[in-house]
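Text of coords.cif (mmCIF, C-alpha atoms) as supplied:
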```cif
data_query
#
loop_
_atom_site.label_atom_id
_atom_site.label_comp_id
_atom_site.auth_asym_id
_atom_site.auth_seq_id
_atom_site.Cartn_x
_atom_site.Cartn_y
_atom_site.Cartn_z
CA MET A 1 -51.96 -19.43 -35.61
CA THR A 2 -48.37 -18.17 -35.69
CA LEU A 3 -45.48 -20.24 -37.05
CA TYR A 4 -41.84 -19.95 -36.00
CA LEU A 5 -38.58 -21.38 -37.27
CA ASP A 6 -36.17 -21.94 -34.38
CA LEU A 7 -32.47 -22.31 -35.18
CA SER A 8 -29.86 -23.54 -32.71
CA ALA A 9 -26.19 -24.26 -33.31
CA LEU A 10 -23.13 -25.38 -31.37
CA GLN A 11 -19.91 -23.96 -32.73
CA SER A 12 -16.34 -24.37 -31.51
CA VAL A 13 -14.30 -21.21 -32.05
CA PRO A 14 -10.51 -21.22 -31.50
CA ALA A 15 -8.44 -18.25 -30.31
CA ALA A 16 -10.33 -15.17 -31.48
CA ASN A 17 -11.94 -11.92 -30.40
CA LEU A 18 -15.18 -11.95 -32.36
CA ASN A 19 -16.84 -9.14 -30.42
CA ARG A 20 -15.04 -6.62 -28.22
CA ASP A 21 -16.19 -4.39 -25.38
CA ASP A 22 -15.15 -0.76 -24.91
CA LEU A 23 -11.76 -1.85 -23.56
CA GLY A 24 -11.03 -4.27 -26.39
CA SER A 25 -11.70 -7.39 -24.34
CA PRO A 26 -13.97 -10.21 -25.53
CA LYS A 27 -17.49 -9.56 -24.28
CA GLN A 28 -18.61 -11.65 -21.32
CA VAL A 29 -21.72 -12.70 -19.46
CA ARG A 30 -22.23 -14.48 -16.16
CA TYR A 31 -24.72 -17.33 -16.49
CA GLY A 32 -25.31 -20.11 -14.00
CA ASN A 33 -22.90 -18.26 -11.68
CA ALA A 34 -20.09 -18.97 -14.13
CA PRO A 35 -18.22 -16.55 -16.43
CA ARG A 36 -18.81 -17.11 -20.15
CA ILE A 37 -17.54 -15.49 -23.32
CA ARG A 38 -20.33 -13.75 -25.24
CA VAL A 39 -20.86 -12.54 -28.80
CA SER A 40 -23.58 -9.91 -29.09
CA SER A 41 -26.61 -10.51 -31.25
CA GLN A 42 -25.94 -7.29 -33.18
CA SER A 43 -22.50 -8.51 -34.19
CA TRP A 44 -23.73 -11.81 -35.61
CA LYS A 45 -26.94 -10.28 -37.03
CA ARG A 46 -24.99 -7.78 -39.12
CA VAL A 47 -22.94 -10.40 -40.95
CA ILE A 48 -26.05 -12.57 -41.44
CA ARG A 49 -27.86 -9.58 -42.96
CA HIS A 50 -25.05 -8.88 -45.39
CA GLY A 51 -25.05 -12.51 -46.48
CA VAL A 52 -28.81 -12.53 -47.04
CA GLU A 53 -28.63 -9.31 -49.04
CA GLN A 54 -25.79 -10.67 -51.15
CA ASP A 55 -27.79 -13.81 -51.94
CA LEU A 56 -30.96 -11.92 -52.81
CA GLY A 57 -29.20 -9.18 -54.76
CA GLU A 58 -30.94 -6.31 -52.98
CA LYS A 59 -28.64 -4.47 -50.63
CA ALA A 60 -29.84 -2.13 -47.90
CA ALA A 61 -27.90 0.31 -45.76
CA ARG A 62 -28.30 1.32 -42.14
CA THR A 63 -26.81 4.78 -42.22
CA ARG A 64 -26.90 8.45 -41.25
CA MET A 65 -25.18 9.47 -44.49
CA VAL A 66 -28.13 9.69 -46.90
CA PRO A 67 -27.73 13.49 -47.45
CA VAL A 68 -24.00 13.00 -48.04
CA LYS A 69 -24.56 10.15 -50.49
CA VAL A 70 -27.16 12.19 -52.40
CA LYS A 71 -24.72 15.12 -52.53
CA GLN A 72 -22.00 12.85 -53.92
CA ALA A 73 -24.36 11.41 -56.54
CA LEU A 74 -25.30 14.91 -57.69
CA GLN A 75 -21.66 16.06 -57.75
CA LYS A 76 -20.87 13.07 -59.94
CA ALA A 77 -23.68 14.23 -62.25
CA GLY A 78 -21.97 17.63 -62.58
CA TRP A 79 -23.83 19.71 -59.99
CA PRO A 80 -21.92 22.54 -58.25
CA ASP A 81 -20.68 21.47 -54.81
CA ASP A 82 -22.75 24.01 -52.86
CA LEU A 83 -25.98 23.19 -54.70
CA ALA A 84 -25.38 19.44 -54.36
CA GLU A 85 -24.82 19.84 -50.63
CA PHE A 86 -27.98 21.91 -50.24
CA ALA A 87 -29.99 19.35 -52.21
CA GLY A 88 -28.73 16.59 -49.94
CA SER A 89 -29.82 18.54 -46.87
CA GLN A 90 -33.22 19.13 -48.47
CA VAL A 91 -33.76 15.38 -48.80
CA ALA A 92 -33.71 15.21 -45.00
CA ALA A 93 -35.60 18.47 -44.48
CA SER A 94 -38.38 17.43 -46.88
CA ALA A 95 -38.94 13.96 -45.40
CA GLY A 96 -42.44 13.73 -43.94
CA LYS A 97 -44.29 16.59 -42.29
CA LYS A 98 -41.49 17.90 -40.08
CA GLY A 99 -38.39 16.60 -41.84
CA ILE A 100 -35.43 14.77 -40.35
CA GLY A 101 -32.79 16.78 -38.54
CA THR A 102 -29.20 16.98 -39.79
CA GLU A 103 -25.91 17.72 -38.09
CA LYS A 104 -22.87 19.75 -39.12
CA GLU A 105 -21.28 16.93 -41.09
CA GLY A 106 -24.46 16.58 -43.12
CA HIS A 107 -25.44 13.35 -41.39
CA THR A 108 -29.03 12.78 -40.33
CA SER A 109 -29.63 12.89 -36.59
CA VAL A 110 -31.06 9.36 -36.69
CA LEU A 111 -30.09 6.15 -38.45
CA LEU A 112 -32.07 5.34 -41.58
CA PHE A 113 -32.46 1.83 -42.98
CA LEU A 114 -33.27 1.85 -46.66
CA PRO A 115 -32.43 0.15 -49.97
CA GLU A 116 -29.13 1.32 -51.46
CA ALA A 117 -30.98 1.97 -54.73
CA ALA A 118 -32.90 4.74 -52.94
CA ILE A 119 -29.93 7.12 -53.29
CA ASP A 120 -30.31 7.25 -57.07
CA GLU A 121 -34.07 7.73 -56.71
CA LEU A 122 -33.56 10.61 -54.29
CA ALA A 123 -30.99 12.19 -56.62
CA ALA A 124 -33.51 11.91 -59.46
CA VAL A 125 -36.12 13.78 -57.37
CA CYS A 126 -33.56 16.53 -56.73
CA THR A 127 -32.84 16.75 -60.46
CA GLU A 128 -36.55 17.06 -61.20
CA HIS A 129 -36.82 19.96 -58.75
CA ARG A 130 -33.43 21.56 -59.42
CA GLU A 131 -34.94 24.96 -60.26
CA ALA A 132 -36.68 25.18 -56.87
CA LEU A 133 -33.46 24.14 -55.12
CA GLU A 134 -31.44 26.80 -56.95
CA LYS A 135 -33.96 29.50 -55.97
CA GLY A 136 -34.07 28.46 -52.31
CA LYS A 137 -30.38 27.71 -51.77
CA ASP A 138 -29.50 31.07 -50.25
CA SER A 139 -32.69 31.48 -48.23
CA LYS A 140 -32.36 31.43 -44.44
CA LYS A 141 -35.57 29.42 -44.09
CA PRO A 142 -36.06 27.60 -47.39
CA GLY A 143 -38.69 25.23 -46.01
CA GLN A 144 -39.39 21.97 -47.81
CA LEU A 145 -38.43 22.39 -51.47
CA LEU A 146 -38.82 18.74 -52.43
CA PRO A 147 -42.20 16.93 -52.38
CA PRO A 148 -42.46 15.42 -48.86
CA ALA A 149 -44.74 12.58 -49.89
CA GLN A 150 -42.37 11.47 -52.64
CA ILE A 151 -39.30 11.64 -50.40
CA GLU A 152 -41.13 9.80 -47.62
CA GLU A 153 -42.27 7.07 -50.02
CA ILE A 154 -38.68 6.42 -51.12
CA LEU A 155 -37.31 6.36 -47.56
CA LYS A 156 -40.05 3.92 -46.52
CA ARG A 157 -39.21 1.37 -49.23
CA ARG A 158 -38.41 -2.14 -48.01
CA THR A 159 -36.03 -4.87 -49.01
CA ALA A 160 -36.26 -8.48 -47.88
CA SER A 161 -33.71 -7.84 -45.13
CA ILE A 162 -35.76 -4.90 -43.82
CA SER A 163 -38.84 -7.13 -43.78
CA LEU A 164 -36.79 -9.79 -42.00
CA LEU A 165 -34.94 -7.68 -39.42
CA GLY A 166 -37.24 -4.69 -39.00
CA ARG A 167 -36.82 -0.92 -38.95
CA MET A 168 -37.50 1.78 -36.38
CA LEU A 169 -37.97 5.33 -37.68
CA ALA A 170 -40.28 7.43 -35.54
CA GLU A 171 -39.79 10.52 -37.73
CA LEU A 172 -41.80 9.03 -40.62
CA SER A 173 -45.31 7.68 -40.17
CA ASP A 174 -45.76 4.03 -41.10
CA ALA A 175 -42.02 3.60 -41.78
CA ASN A 176 -41.57 1.25 -38.85
CA VAL A 177 -41.34 -2.46 -39.63
CA ASP A 178 -41.63 -5.09 -36.91
CA GLY A 179 -38.80 -7.47 -37.66
CA ALA A 180 -39.65 -11.13 -38.12
CA ALA A 181 -36.24 -12.39 -36.92
CA GLN A 182 -34.84 -12.41 -33.40
CA VAL A 183 -31.20 -13.28 -32.72
CA ALA A 184 -29.86 -14.14 -29.27
CA HIS A 185 -26.47 -13.37 -27.81
CA ALA A 186 -24.18 -16.35 -28.29
CA PHE A 187 -22.35 -17.62 -25.20
CA THR A 188 -19.97 -20.41 -24.32
CA THR A 189 -21.53 -23.60 -23.02
CA HIS A 190 -18.77 -23.86 -20.42
CA THR A 191 -16.84 -21.60 -18.10
CA ALA A 192 -14.51 -19.36 -20.13
CA GLU A 193 -12.59 -16.14 -19.58
CA PRO A 194 -10.44 -13.88 -21.76
CA GLN A 195 -6.73 -14.59 -22.08
CA ARG A 196 -3.97 -12.09 -22.74
CA ASP A 197 -1.56 -12.14 -25.67
CA TYR A 198 1.72 -10.21 -25.53
CA PHE A 199 2.92 -9.43 -29.04
CA THR A 200 5.60 -7.45 -30.84
CA ALA A 201 6.05 -6.05 -34.32
CA VAL A 202 9.51 -6.14 -35.90
CA ASP A 203 10.92 -3.36 -38.09
CA ASP A 204 12.10 -5.07 -41.29
CA TRP A 205 14.66 -2.35 -42.00
CA LEU A 206 16.49 -2.33 -38.71
CA GLY A 207 20.26 -2.25 -39.02
CA GLU A 208 22.22 -5.43 -38.29
CA ALA A 209 23.51 -3.99 -35.01
CA GLU A 210 20.09 -2.78 -33.89
CA THR A 211 17.83 -4.92 -31.71
CA GLY A 212 14.37 -4.63 -30.23
CA SER A 213 10.92 -4.31 -31.68
CA ALA A 214 9.19 -1.43 -33.41
CA HIS A 215 6.00 -1.96 -31.42
CA LEU A 216 4.84 -4.06 -28.50
CA ASP A 217 1.47 -4.40 -26.85
CA THR A 218 -1.00 -6.83 -25.36
CA ALA A 219 -4.34 -7.98 -26.74
CA GLU A 220 -7.05 -10.24 -25.42
CA PHE A 221 -8.68 -13.24 -27.02
CA SER A 222 -10.84 -16.18 -26.06
CA ALA A 223 -11.80 -19.65 -27.24
CA GLY A 224 -14.76 -21.93 -26.60
CA VAL A 225 -17.86 -23.77 -27.77
CA PHE A 226 -20.74 -21.34 -28.32
CA TYR A 227 -24.47 -21.96 -28.15
CA ARG A 228 -26.19 -19.83 -30.79
CA TYR A 229 -29.93 -19.29 -31.23
CA ALA A 230 -32.26 -17.35 -33.50
CA THR A 231 -35.93 -17.55 -34.38
CA VAL A 232 -38.00 -16.22 -37.28
CA ASN A 233 -41.70 -15.47 -37.00
CA ILE A 234 -42.72 -16.98 -40.33
CA THR A 235 -46.24 -15.56 -40.15
CA ASP A 236 -44.90 -12.01 -39.68
CA LEU A 237 -42.33 -12.50 -42.45
CA VAL A 238 -45.07 -13.50 -44.92
CA LYS A 239 -47.11 -10.48 -43.78
CA ASN A 240 -44.13 -8.13 -44.21
CA LEU A 241 -43.65 -9.53 -47.71
CA GLU A 242 -47.31 -8.80 -48.51
CA GLY A 243 -48.38 -12.43 -48.50
CA ASP A 244 -45.73 -13.69 -50.92
CA THR A 245 -44.98 -17.14 -49.48
CA LYS A 246 -42.53 -17.97 -52.27
CA ALA A 247 -40.44 -14.93 -51.42
CA ALA A 248 -40.74 -15.74 -47.71
CA ARG A 249 -39.39 -19.23 -48.33
CA THR A 250 -36.42 -17.80 -50.25
CA VAL A 251 -35.67 -15.27 -47.50
CA LEU A 252 -36.06 -17.90 -44.79
CA ALA A 253 -33.68 -20.26 -46.60
CA ALA A 254 -31.07 -17.52 -46.96
CA PHE A 255 -31.39 -16.55 -43.30
CA ALA A 256 -31.01 -20.16 -42.14
CA GLU A 257 -27.97 -20.72 -44.35
CA HIS A 258 -26.18 -17.58 -43.22
CA PHE A 259 -27.09 -18.19 -39.59
CA LEU A 260 -25.10 -21.42 -39.87
CA LEU A 261 -22.29 -20.29 -42.18
CA SER A 262 -21.53 -16.72 -41.08
CA LEU A 263 -18.98 -15.50 -38.56
CA PRO A 264 -18.34 -11.98 -37.20
CA GLN A 265 -15.32 -10.48 -38.89
CA ALA A 266 -13.54 -8.79 -35.96
CA LYS A 267 -9.75 -9.40 -35.95
CA ARG A 268 -10.10 -12.08 -38.61
CA ASN A 269 -6.72 -11.26 -40.18
CA SER A 270 -4.89 -12.00 -36.95
CA THR A 271 -6.97 -15.00 -35.79
CA ALA A 272 -8.67 -16.59 -38.85
CA PRO A 273 -11.27 -18.43 -36.71
CA HIS A 274 -13.18 -19.80 -39.71
CA THR A 275 -15.02 -22.73 -38.17
CA LEU A 276 -18.54 -24.05 -38.78
CA PRO A 277 -21.12 -25.35 -36.31
CA ASP A 278 -20.62 -29.04 -35.57
CA LEU A 279 -24.31 -29.31 -34.67
CA ALA A 280 -27.34 -27.55 -36.17
CA TYR A 281 -30.86 -28.04 -34.82
CA LEU A 282 -33.96 -26.62 -36.52
CA ALA A 283 -37.56 -26.76 -35.32
CA VAL A 284 -40.82 -25.44 -36.77
CA ARG A 285 -43.15 -24.49 -33.93
CA GLU A 286 -46.64 -23.11 -33.53
CA HIS A 287 -47.73 -20.40 -31.07
CA ARG A 288 -44.28 -19.52 -29.60
CA PRO A 289 -40.54 -20.00 -30.17
CA LEU A 290 -38.31 -22.01 -27.83
CA SER A 291 -34.64 -21.41 -27.07
CA LEU A 292 -32.61 -24.28 -25.62
CA ALA A 293 -30.10 -21.97 -23.93
CA ALA A 294 -31.08 -23.28 -20.49
CA ALA A 295 -29.35 -26.55 -21.40
CA PHE A 296 -26.14 -24.75 -20.43
CA GLU A 297 -27.25 -22.90 -17.31
CA THR A 298 -25.05 -25.49 -15.60
CA PRO A 299 -21.80 -25.19 -17.56
CA VAL A 300 -20.67 -28.37 -19.26
CA THR A 301 -17.37 -29.95 -18.26
CA ALA A 302 -14.70 -31.34 -20.53
CA ASP A 303 -14.92 -34.97 -21.61
CA LEU A 304 -12.13 -37.52 -21.08
CA GLN A 305 -10.28 -36.21 -24.11
CA GLY A 306 -10.44 -32.65 -22.78
CA GLY A 307 -12.90 -31.09 -25.23
CA PHE A 308 -16.26 -29.39 -24.73
CA SER A 309 -17.91 -30.06 -28.11
CA ALA A 310 -19.14 -33.62 -27.51
CA SER A 311 -20.27 -32.76 -23.98
CA SER A 312 -22.20 -29.78 -25.33
CA ARG A 313 -23.94 -31.85 -27.99
CA ARG A 314 -25.01 -34.43 -25.42
CA ALA A 315 -26.21 -31.74 -22.99
CA LEU A 316 -28.31 -30.06 -25.69
CA ALA A 317 -29.89 -33.34 -26.80
CA ALA A 318 -30.65 -34.38 -23.21
CA TYR A 319 -32.26 -31.03 -22.39
CA ALA A 320 -34.32 -31.08 -25.60
CA HIS A 321 -35.52 -34.60 -24.74
CA GLU A 322 -36.79 -33.43 -21.35
CA ILE A 323 -38.42 -30.31 -22.80
CA ASN A 324 -40.17 -32.54 -25.35
CA ARG A 325 -41.40 -34.72 -22.49
CA LEU A 326 -42.72 -31.71 -20.56
CA THR A 327 -44.55 -30.29 -23.57
CA GLY A 328 -45.72 -33.63 -24.87
CA ASN A 329 -44.18 -32.71 -28.24
CA ARG A 330 -47.15 -30.40 -28.82
CA SER A 331 -47.15 -27.41 -31.19
CA ARG A 332 -44.12 -28.62 -33.11
CA ARG A 333 -44.46 -29.49 -36.79
CA PHE A 334 -40.88 -30.51 -37.37
CA HIS A 335 -37.54 -30.85 -35.68
CA GLY A 336 -34.28 -32.33 -36.85
CA HIS A 337 -30.54 -31.93 -36.70
CA ALA A 338 -27.31 -32.27 -38.66
CA THR A 339 -24.13 -33.11 -36.80
CA ILE A 340 -20.47 -33.81 -37.38
CA ALA A 341 -20.84 -36.94 -35.23
CA PRO A 342 -23.88 -38.89 -36.53
CA ASP A 343 -22.90 -41.97 -34.50
CA GLU A 344 -23.88 -40.12 -31.29
CA HIS A 345 -27.61 -40.70 -32.01
CA LEU A 346 -28.94 -37.46 -30.53
CA THR A 347 -32.55 -38.63 -30.48
CA GLY A 348 -33.78 -35.66 -28.43
CA LEU A 349 -33.04 -33.45 -31.43
CA GLY A 350 -35.32 -35.20 -33.92
CA GLU A 351 -34.36 -36.96 -37.11
CA ALA A 352 -30.73 -36.73 -38.20
CA ARG A 353 -30.01 -35.23 -41.63
CA ASP A 354 -26.77 -35.61 -43.53
CA SER A 355 -26.17 -31.94 -44.29
CA TYR A 356 -27.18 -28.40 -43.44
CA ASP A 357 -28.91 -28.14 -46.82
CA GLU A 358 -31.06 -31.22 -46.21
CA LEU A 359 -31.97 -29.98 -42.75
CA ILE A 360 -32.97 -26.52 -43.98
CA GLU A 361 -35.00 -27.96 -46.85
CA ALA A 362 -36.90 -30.30 -44.51
CA ALA A 363 -37.72 -27.42 -42.15
CA LEU A 364 -38.87 -25.18 -45.00
CA GLU A 365 -41.08 -27.90 -46.42
CA ALA A 366 -42.77 -28.29 -43.03
CA ALA A 367 -43.33 -24.54 -42.68
CA LEU A 368 -43.84 -23.28 -46.24
CA PRO A 369 -44.43 -26.17 -48.66
CA GLN A 370 -43.49 -25.66 -52.31
CA SER A 371 -47.20 -25.38 -53.12
CA GLY A 372 -47.12 -22.06 -51.27
CA GLU A 373 -49.83 -23.12 -48.86
CA GLN A 374 -49.00 -23.55 -45.18
CA GLN A 375 -49.89 -26.96 -43.88
#
```

Any chance you could give the structure as structure tokens?
Amino acid sequence: MTLYLDLSALQSVPAANLNRDDLGSPKQVRYGNAPRIRVSSQSWKRVIRHGVEQDLGEKAARTRMVPVKVKQALQKAGWPDDLAEFAGSQVAASAGKKGIGTEKEGHTSVLLFLPEAAIDELAAVCTEHREALEKGKDSKKPGQLLPPAQIEEILKRRTASISLLGRMLAELSDANVDGAAQVAHAFTTHTAEPQRDYFTAVDDWLGEAETGSAHLDTAEFSAGVFYRYATVNITDLVKNLEGDTKAARTVLAAFAEHFLLSLPQAKRNSTAPHTLPDLAYLAVREHRPLSLAAAFETPVTADLQGGFSASSRRALAAYAHEINRLTGNRSRRFHGHATIAPDEHLTGLGEARDSYDELIEAALEAALPQSGEQQ
């Protein structure tokens, strides 16, 4: 049996541009034959990952700059620049049976996802084999001067965030990790389109007789209530963490917290859109996850006061109630919600909890009890 933790949130975001397309406009999607503002899963996933890593104290990096970082570490240790650069390139060349290709800037041809601590380990391997590197530096075809198995083992190391979000690296056997977490694109529950902002920048040192601006331009922004959804395959997470249910519970708690509290950082200095979800809904399910995005296939309309938040909360609860009826509430161990408006009695979303923390704790206890044994 497979267990999942489903996380849904409704979040009102004021004027902002959380996630831009290639033209600088807020990303969009058409759903239910209505235009919506969208925030890509990658954008929200990145800030969630950084929060989880900060909490757990084990940072990872998704990067092409491993050879460059190794070179810099060796330069800091006093190595000559040319030898340090060659050693960095050898880290890539000696990875696995065929090595990983590099480009002119010294970057690897593919993204690697590895613990940040791996850079020091790789530099230590280079130091151990410095004599071989010095002898092969000027060779046209030096081959693999560092032990491939040792380099591969370091590059294949995992952190909790790698176990949670996965890794794809075809160049190294067994380096791939099937991520336990899936994050959906967020979209507005109602019709919404980008708006344009004309702005100017004033030169503070203009003379008294001088007028005009130093710079003028237009930018785009949007506002709306977003439906957000993610799910974590708890069974896969425990497997990726080699059966450590205590660690899985810690990782799951961190993911749930940062799913609710994080916000993409694009244009934050000029918009400061630092809101929180006014509704969080968590469910522990067996066999398969369940998104409630279809609650908004028909876009909600504003209530009598003109807002979309209350209408969105009611639409989500009503849809969940009907889904529960269709499924007969089967294959669900727990569901509950925390809301800014507890007097609304959103019974379709399970028992109301007073806070995010209480909601997360109740979900974790249903999925991974403190005893460490799944119910």

With all atoms of range 280-294 of chain A from the file as input, state the centre and edge lengths in Å to one decimal of the axis-aligned box that has 8 Å extra on each side, as AutoDock Vina command-line options.
```
--center_x -37.5 --center_y -23.8 --center_z -28.6 --size_x 36.4 --size_y 24.5 --size_z 32.3
```

key: Residues matched by the PyMOL selection byres ((chain A and resi 240) around 12), written as number ranges by chain   = A: 157-167, 176-181, 233-239, 241-245, 247-248, 251

ask   = If the PyMOL selection byres ((chain A and resi 288) around 8) is run on the structure shown, which residues does it catch, given as a ChimeraX atom specification?
value = /A:2-4,285-287,289-290

Determine, for each residue of range 253-312 of chain A having at least one atom at most 7 Å from an atom of range 186-207 of chain A, the closest pair of atoms and their separation in Å to one decimal, counting only C-alpha atoms; order by chain and ascending number, as a tab-separated table.
```
residue	atom	partner	partner_atom	distance
A:Phe296	CA	A:Thr189	CA	5.4
A:Pro299	CA	A:His190	CA	4.4
A:Val300	CA	A:His190	CA	5.0
A:Thr301	CA	A:His190	CA	6.6
A:Ser312	CA	A:Thr189	CA	6.6
```

Evaluate the PyMOL selection byres ((chain A and resi 135-142) around 12) and record the selected residues as a PDB file with C-alpha atoms, in the coordinates of the input, following the chain and residue labels used in the document.
```
ATOM      1  CA  PRO A  80     -21.920  22.540 -58.250  1.00  0.00           C
ATOM      2  CA  ASP A  81     -20.680  21.470 -54.810  1.00  0.00           C
ATOM      3  CA  ASP A  82     -22.750  24.010 -52.860  1.00  0.00           C
ATOM      4  CA  LEU A  83     -25.980  23.190 -54.700  1.00  0.00           C
ATOM      5  CA  ALA A  84     -25.380  19.440 -54.360  1.00  0.00           C
ATOM      6  CA  GLU A  85     -24.820  19.840 -50.630  1.00  0.00           C
ATOM      7  CA  PHE A  86     -27.980  21.910 -50.240  1.00  0.00           C
ATOM      8  CA  ALA A  87     -29.990  19.350 -52.210  1.00  0.00           C
ATOM      9  CA  GLY A  88     -28.730  16.590 -49.940  1.00  0.00           C
ATOM     10  CA  SER A  89     -29.820  18.540 -46.870  1.00  0.00           C
ATOM     11  CA  GLN A  90     -33.220  19.130 -48.470  1.00  0.00           C
ATOM     12  CA  ALA A  93     -35.600  18.470 -44.480  1.00  0.00           C
ATOM     13  CA  SER A  94     -38.380  17.430 -46.880  1.00  0.00           C
ATOM     14  CA  HIS A 129     -36.820  19.960 -58.750  1.00  0.00           C
ATOM     15  CA  ARG A 130     -33.430  21.560 -59.420  1.00  0.00           C
ATOM     16  CA  GLU A 131     -34.940  24.960 -60.260  1.00  0.00           C
ATOM     17  CA  ALA A 132     -36.680  25.180 -56.870  1.00  0.00           C
ATOM     18  CA  LEU A 133     -33.460  24.140 -55.120  1.00  0.00           C
ATOM     19  CA  GLU A 134     -31.440  26.800 -56.950  1.00  0.00           C
ATOM     20  CA  GLY A 143     -38.690  25.230 -46.010  1.00  0.00           C
ATOM     21  CA  GLN A 144     -39.390  21.970 -47.810  1.00  0.00           C
ATOM     22  CA  LEU A 145     -38.430  22.390 -51.470  1.00  0.00           C
ATOM     23  CA  LEU A 146     -38.820  18.740 -52.430  1.00  0.00           C
TER      24      LEU A 146
END
```

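Of note, CA of Leu326 in chain A and CA of Val284 in chain A are spaced 17.5 Å apart.
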
query = Residues at most 10 Å from His321 in chain A, counting all atoms listed in the file, excluding those fewer than 6 positions away in the same chain, as JSON, numbers by chain?
reply = {"A": [315, 329, 346, 347, 348, 349, 350]}

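Put simply, CA of Ile37 in chain A is 19.1 Å away from CA of Leu279 in chain A.
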
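When all atoms listed in the file are used to measure the gap to Asn269 in chain A, the shortest distance among A:Ala175, A:Ala123, A:Ala16, A:Ala318 belongs to A:Ala16.
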
task = Please identify all polymer residues lying at most 9 Å from the point (-33.3, -20.7, -36.4) (file coordinates), using only C-alpha atoms, and present the result as a ChimeraX atom specification.
result = /A:4-9,181-183,229-232,255-256,259-260,281-284

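When all atoms listed in the file are used to compute distances to Gly32 in chain A, the closest of the residues A:Thr298, A:Leu304, A:Ala184, A:Leu359 turns out to be A:Thr298.
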
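Take CA of Val66 in chain A and CA of Ala149 in chain A: the distance between them is 17.1 Å.
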
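Proximity to Leu276 in chain A was assessed for A:Ser331, A:Ser262, A:Gln370, A:Thr250 counting only C-alpha atoms; the smallest distance is recorded for A:Ser262.
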
Residues within 7 Å of Ala280 in chain A, only C-alpha atoms, excluding chain neighbours under 3 positions, as a PDB file with C-alpha atoms, keeping the file's coordinate frame:
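Produced file around31.pdb, reproduced below:
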```pdb
ATOM      1  CA  SER A   8     -29.860 -23.540 -32.710  1.00  0.00           C
ATOM      2  CA  ALA A   9     -26.190 -24.260 -33.310  1.00  0.00           C
ATOM      3  CA  LEU A  10     -23.130 -25.380 -31.370  1.00  0.00           C
ATOM      4  CA  PRO A 277     -21.120 -25.350 -36.310  1.00  0.00           C
ATOM      5  CA  HIS A 337     -30.540 -31.930 -36.700  1.00  0.00           C
ATOM      6  CA  ALA A 338     -27.310 -32.270 -38.660  1.00  0.00           C
ATOM      7  CA  THR A 339     -24.130 -33.110 -36.800  1.00  0.00           C
TER       8      THR A 339
END
```

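Remark: for Ser109 in chain A, the closest of the candidate residues A:Gln150, A:Thr327, A:Thr63, A:Thr218 is A:Thr63 (distances computed over only C-alpha atoms).
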
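Minimum atom-to-atom distance to Glu361 in chain A, evaluated using all atoms listed in the file, belongs to A:Ala253 out of A:Ile100, A:Ala223, A:Ala253, A:Ala295.
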
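Closest approach to Asp55 in chain A among A:Leu252, A:Leu316, A:Leu364, A:Ala352: A:Leu252, based on all atoms listed in the file.
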